[in-house]
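*Asks:* Just entry_17.tsv, nothing more (TSV, C-alpha atoms):
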```tsv
chain	number	residue	atom	x	y	z
A	1	ASN	CA	0.00	0.00	0.00
A	2	ALA	CA	1.93	3.05	-1.29
A	3	GLY	CA	-0.31	5.77	0.23
A	4	VAL	CA	0.45	9.13	-1.38
A	5	THR	CA	3.06	9.14	-4.15
A	6	GLN	CA	4.66	12.31	-5.46
A	7	THR	CA	6.80	12.67	-8.56
A	8	PRO	CA	9.40	13.87	-9.12
A	9	LYS	CA	11.24	13.92	-5.79
A	10	PHE	CA	13.68	16.63	-6.89
A	11	GLN	CA	13.64	19.18	-9.69
A	12	VAL	CA	15.67	22.20	-10.73
A	13	LEU	CA	14.08	24.74	-13.04
A	14	LYS	CA	15.11	27.99	-14.61
A	15	THR	CA	13.04	31.11	-14.10
A	16	GLY	CA	10.17	31.17	-16.57
A	17	GLN	CA	10.04	27.43	-17.18
A	18	SER	CA	6.86	25.49	-16.55
A	19	MET	CA	6.40	22.26	-14.69
A	20	THR	CA	3.73	19.92	-13.38
A	21	LEU	CA	4.08	18.12	-10.06
A	22	GLN	CA	2.22	14.84	-9.91
A	23	CYS	CA	0.42	13.30	-6.96
A	24	ALA	CA	-1.49	10.04	-6.72
A	25	GLN	CA	-3.12	8.28	-3.78
A	26	ASP	CA	-4.31	4.70	-3.57
A	27	MET	CA	-6.44	4.97	-0.42
A	28	ASN	CA	-9.70	5.82	-2.22
A	29	HIS	CA	-9.72	9.22	-0.54
A	30	ASN	CA	-12.09	11.90	-1.72
A	31	SER	CA	-10.10	14.99	-0.74
A	32	MET	CA	-6.64	16.04	-1.83
A	33	TYR	CA	-4.39	19.00	-1.01
A	34	TRP	CA	-1.23	20.76	-2.15
A	35	TYR	CA	0.99	22.53	0.40
A	36	ARG	CA	4.33	24.28	0.26
A	37	GLN	CA	6.85	24.30	3.09
A	38	ASP	CA	9.52	26.96	3.39
A	39	PRO	CA	12.39	26.99	5.91
A	40	GLY	CA	11.29	27.92	9.41
A	41	MET	CA	7.64	27.90	8.45
A	42	GLY	CA	4.84	25.48	8.71
A	43	LEU	CA	2.95	24.22	5.72
A	44	ARG	CA	0.82	26.61	3.73
A	45	LEU	CA	-2.09	25.42	1.63
A	46	ILE	CA	-1.90	26.23	-2.07
A	47	TYR	CA	-4.98	24.51	-3.49
A	48	TYR	CA	-7.28	21.73	-2.43
A	49	SER	CA	-9.90	19.47	-3.94
A	50	ALA	CA	-12.66	18.49	-1.54
A	51	SER	CA	-13.98	15.90	-4.00
A	52	GLU	CA	-13.43	14.74	-7.56
A	53	GLY	CA	-14.41	17.49	-9.97
A	54	THR	CA	-13.90	20.37	-7.53
A	55	THR	CA	-10.90	22.52	-6.73
A	56	ASP	CA	-10.50	25.66	-4.68
A	57	LYS	CA	-7.83	28.12	-3.62
A	58	GLY	CA	-5.94	27.90	-0.39
A	59	GLU	CA	-3.81	30.49	1.35
A	60	VAL	CA	-1.11	30.98	-1.34
A	61	PRO	CA	-2.56	30.13	-4.80
A	62	ASN	CA	-0.89	32.82	-6.92
A	63	GLY	CA	1.39	31.41	-9.62
A	64	TYR	CA	-0.13	27.92	-9.46
A	65	ASN	CA	-2.87	25.92	-11.11
A	66	VAL	CA	-4.24	22.50	-10.27
A	67	SER	CA	-6.09	19.68	-11.96
A	68	ARG	CA	-8.04	16.91	-10.24
A	69	LEU	CA	-7.57	14.40	-13.02
A	70	ASN	CA	-9.64	11.69	-11.35
A	71	LYS	CA	-10.26	10.48	-7.82
A	72	ARG	CA	-6.66	9.24	-7.46
A	73	GLU	CA	-4.66	12.04	-9.04
A	74	PHE	CA	-4.19	15.72	-8.25
A	75	SER	CA	-1.53	17.69	-10.13
A	76	LEU	CA	0.02	21.09	-9.43
A	77	ARG	CA	1.29	23.23	-12.29
A	78	LEU	CA	3.72	26.14	-12.26
A	79	GLU	CA	3.13	28.00	-15.52
A	80	SER	CA	6.10	30.38	-15.28
A	81	ALA	CA	8.39	29.47	-12.40
A	82	ALA	CA	9.85	32.21	-10.21
A	83	PRO	CA	12.64	31.99	-7.60
A	84	SER	CA	10.05	32.73	-4.89
A	85	GLN	CA	8.50	29.36	-5.69
A	86	THR	CA	11.60	27.51	-4.56
A	87	SER	CA	10.19	25.28	-1.85
A	88	VAL	CA	9.28	21.77	-0.82
A	89	TYR	CA	5.85	20.81	-2.10
A	90	PHE	CA	3.67	18.27	-0.32
A	91	CYS	CA	0.57	16.54	-1.52
A	92	ALA	CA	-1.89	15.13	1.01
A	93	SER	CA	-5.19	13.31	0.99
A	94	SER	CA	-8.01	12.57	3.42
A	95	VAL	CA	-11.09	10.38	3.38
A	96	THR	CA	-13.23	13.49	3.17
A	97	ALA	CA	-12.66	17.16	3.89
A	98	GLY	CA	-14.42	16.58	7.18
A	99	THR	CA	-15.99	19.19	9.41
A	100	GLY	CA	-13.89	21.41	11.60
A	101	GLY	CA	-10.67	19.55	10.86
A	102	SER	CA	-12.04	16.16	11.86
A	103	GLN	CA	-10.15	14.19	9.22
A	104	PRO	CA	-6.45	13.29	9.44
A	105	GLN	CA	-4.47	13.97	6.31
A	106	HIS	CA	-1.95	11.56	4.77
A	107	PHE	CA	1.12	13.09	3.19
A	108	GLY	CA	3.54	12.18	0.46
A	109	ASP	CA	7.27	12.64	0.95
A	110	GLY	CA	7.43	15.84	-1.05
A	111	THR	CA	8.97	17.33	-4.16
A	112	ARG	CA	12.02	19.53	-3.59
A	113	LEU	CA	11.90	22.26	-6.20
A	114	SER	CA	14.65	24.80	-6.87
A	115	ILE	CA	14.17	27.66	-9.29
A	116	LEU	CA	17.27	29.46	-10.47
B	117	SER	CA	-2.00	33.54	8.41
B	118	GLN	CA	-0.85	31.14	11.08
B	119	GLN	CA	-3.63	29.68	13.17
B	120	GLY	CA	-1.28	27.65	15.35
B	121	GLU	CA	1.92	28.81	16.98
B	122	GLU	CA	4.26	26.27	18.57
B	123	ASP	CA	6.53	26.85	21.52
B	124	PRO	CA	9.42	26.29	21.87
B	125	GLN	CA	10.75	26.48	18.33
B	126	ALA	CA	13.52	24.03	19.22
B	127	LEU	CA	14.02	21.56	22.06
B	128	SER	CA	16.99	19.34	22.86
B	129	ILE	CA	16.76	16.61	25.50
B	130	GLN	CA	18.43	13.38	26.54
B	131	GLU	CA	16.97	10.00	25.73
B	132	GLY	CA	14.59	8.90	28.46
B	133	GLU	CA	13.48	12.43	29.36
B	134	ASN	CA	10.04	13.82	28.64
B	135	ALA	CA	9.43	16.41	25.92
B	136	THR	CA	6.64	18.96	26.05
B	137	MET	CA	5.58	21.11	23.13
B	138	ASN	CA	2.91	23.76	23.20
B	139	CYS	CA	0.57	25.12	20.56
B	140	SER	CA	-1.58	28.23	20.71
B	141	TYR	CA	-4.29	29.12	18.23
B	142	LYS	CA	-6.36	32.20	17.53
B	143	THR	CA	-9.94	31.31	16.65
B	144	SER	CA	-12.46	28.81	17.91
B	145	ILE	CA	-11.88	25.24	16.80
B	146	ASN	CA	-13.72	21.94	16.67
B	147	ASN	CA	-10.62	19.74	16.50
B	148	LEU	CA	-6.85	20.04	16.79
B	149	GLN	CA	-4.36	17.68	15.19
B	150	TRP	CA	-0.70	16.95	15.85
B	151	TYR	CA	1.72	15.77	13.18
B	152	ARG	CA	5.34	14.60	13.15
B	153	GLN	CA	7.81	15.22	10.33
B	154	ASN	CA	11.07	13.34	10.13
B	155	SER	CA	13.87	15.00	8.22
B	156	GLY	CA	13.31	14.80	4.47
B	157	ARG	CA	9.92	13.10	4.83
B	158	GLY	CA	6.26	14.04	4.75
B	159	LEU	CA	4.09	14.70	7.77
B	160	VAL	CA	2.61	11.82	9.71
B	161	HIS	CA	-0.60	12.23	11.67
B	162	LEU	CA	-0.14	11.48	15.37
B	163	ILE	CA	-3.32	12.32	17.20
B	164	LEU	CA	-6.54	14.31	16.93
B	165	ILE	CA	-8.26	15.86	19.93
B	166	ARG	CA	-11.80	17.23	19.80
B	167	SER	CA	-12.86	20.48	21.40
B	168	ASN	CA	-14.95	18.64	24.00
B	169	GLU	CA	-11.94	16.55	25.09
B	170	ARG	CA	-9.41	17.77	27.64
B	171	GLU	CA	-6.84	15.01	27.32
B	172	LYS	CA	-6.04	12.17	24.98
B	173	HIS	CA	-3.40	9.43	25.05
B	174	SER	CA	-1.78	7.35	22.36
B	175	GLY	CA	1.11	5.16	23.47
B	176	ARG	CA	3.81	7.49	24.82
B	177	LEU	CA	1.96	10.56	23.58
B	178	ARG	CA	-0.32	12.67	25.73
B	179	VAL	CA	-2.19	15.63	24.28
B	180	THR	CA	-4.10	18.18	26.28
B	181	LEU	CA	-6.45	20.88	25.06
B	182	ASP	CA	-7.54	24.01	26.90
B	183	THR	CA	-10.13	25.79	24.79
B	184	SER	CA	-10.44	28.64	27.29
B	185	LYS	CA	-6.77	29.47	26.75
B	186	LYS	CA	-6.80	28.42	23.08
B	187	SER	CA	-3.83	26.16	23.65
B	188	SER	CA	-2.76	22.54	23.39
B	189	SER	CA	0.27	20.62	24.51
B	190	LEU	CA	1.94	17.46	23.28
B	191	LEU	CA	3.90	15.42	25.81
B	192	ILE	CA	6.21	12.63	24.69
B	193	THR	CA	7.21	10.48	27.62
B	194	ALA	CA	10.43	8.44	27.90
B	195	SER	CA	11.74	9.91	24.67
B	196	ARG	CA	13.87	7.93	22.25
B	197	ALA	CA	16.38	8.97	19.60
B	198	ALA	CA	13.79	7.95	17.01
B	199	ASP	CA	11.49	10.72	18.31
B	200	THR	CA	13.89	13.28	16.81
B	201	ALA	CA	11.66	15.17	14.37
B	202	SER	CA	9.64	18.34	13.92
B	203	TYR	CA	6.18	18.44	15.44
B	204	PHE	CA	3.30	20.55	14.16
B	205	CYS	CA	-0.15	21.35	15.39
B	206	ALA	CA	-2.90	22.01	12.87
B	207	THR	CA	-6.45	23.30	13.05
B	208	VAL	CA	-9.20	24.68	10.83
B	209	HIS	CA	-11.32	27.72	11.54
B	210	GLY	CA	-14.41	26.75	13.48
B	211	SER	CA	-16.63	24.18	11.77
B	212	SER	CA	-15.29	24.77	8.27
B	213	ASN	CA	-15.92	21.72	6.08
B	214	THR	CA	-13.15	22.40	3.60
B	215	GLY	CA	-10.40	20.43	5.32
B	216	LYS	CA	-8.18	23.50	5.03
B	217	LEU	CA	-5.74	22.77	7.80
B	218	ILE	CA	-3.66	25.66	9.07
B	219	PHE	CA	-0.31	24.59	10.49
B	220	GLY	CA	1.91	26.20	13.06
B	221	GLN	CA	5.61	26.73	12.45
B	222	GLY	CA	6.55	23.61	14.35
B	223	THR	CA	8.83	22.55	17.19
B	224	THR	CA	12.07	20.82	16.27
B	225	LEU	CA	12.88	18.13	18.81
B	226	GLN	CA	16.32	16.59	19.14
B	227	VAL	CA	16.67	13.56	21.39
B	228	LYS	CA	20.28	12.77	22.18
B	229	PRO	CA	21.22	9.13	22.78
```
If you took the structure in this file and wrote it as structure tokens, what would it be?
*Replies:*
Amino acid sequence: NAGVTQTPKFQVLKTGQSMTLQCAQDMNHNSMYWYRQDPGMGLRLIYYSASEGTTDKGEVPNGYNVSRLNKREFSLRLESAAPSQTSVYFCASSVTAGTGGSQPQHFGDGTRLSIL
Amino acid sequence: SQQGEEDPQALSIQEGENATMNCSYKTSINNLQWYRQNSGRGLVHLILIRSNEREKHSGRLRVTLDTSKKSSSLLITASRAADTASYFCATVHGSSNTGKLIFGQGTTLQVKP
């Protein structure tokens, strides 16, 4: 049981390049999330998908787009990468979005992205 | 905006000692979660405590919640070197049904053998 799988694990981009980060979960979860983690900070939510066919903005959505391809897969796209987007990106999933934070989230091991 | 704030930011103890981490939050909550992150890995869910609970145990973990003070603490008893990690609390605003967890900045725990 792989859980949440993120690809690639590492990537270096040049400013202005585009890239898609992939995420897949095999737990039959309905909800999926993309976070970024910067040094000395907690995780910040970029986008989330409460259920297949829906997506919505989180705290820091600017410069990103997402696609909920199907129930298993949720991708994050950087259309024109900027150095400020250098970060570690985590994908997570939960059974449902829950009410009042009632659902634990399961995380992948992250994609480490550097933009030069 | 940060809903949860952990204290201390860093903690170093000897194996066998207890470790206590604190989390404060700003708005009313229904649930509070604690996560662990080992170096280079994703977060792992440890425990969830509901707003009507004051204390919850899971193995060597004890979590308390004081809604009047908007604070929670995570106690790890008889710590081991394997407990070395960063620990985060996470909440959502009120009864929001979006699953939009807001994380604190975390406490980095080092357990020396």
*Asks:* Return as a ChimeraX atom specification the residues belonging to chain A that are within 6 Å of chain B, counting all atoms listed in the file.
*Replies:* /A:41-43,97-101,107-109
*Asks:* Quick one: residues within 7 Å of Ala24 in chain A, all atoms listed in the file, excluding same-chain residues fewer than 2 positions away - as a PyMOL selection string?
*Replies:* chain A and resi 4-6+22+26+72-74
*Asks:* Give me the residues within 6 Å of Glu133 in chain B as a ChimeraX atom specification, counting only C-alpha atoms and dropping any in the same chain fewer than 3 places off.
*Replies:* /B:130,194-195
*Asks:* Would you kindly return, as a list in words, each protein, DNA or RNA residue with an atom no farther than 8 Å from any atom of Leu225 in chain B, considering only C-alpha atoms and excluding same-chain residues fewer than 3 positions away?
*Replies:*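 The contact residues come out as Ala126, Leu127, Ser128, Ile129, Asp199, Thr200, Ala201, Ser202 and Tyr203 of chain B.
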*Asks:* Measuring atom to atom with all atoms listed in the file, identify which of B:Tyr141, B:Ala198, B:Gln226, B:Ala135 is nearest to Leu177 in chain B.
*Replies:*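 Under the stated criterion, the closest residue is B:Ala135.
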*Asks:* Around the point (2.2, 24.2, -16.3) (coordinates from the file), which residues reach within 6 Å if we count all atoms listed in the file? Answer as a VMD selection string.
*Replies:* chain A and resid 18 to 20 77 to 79
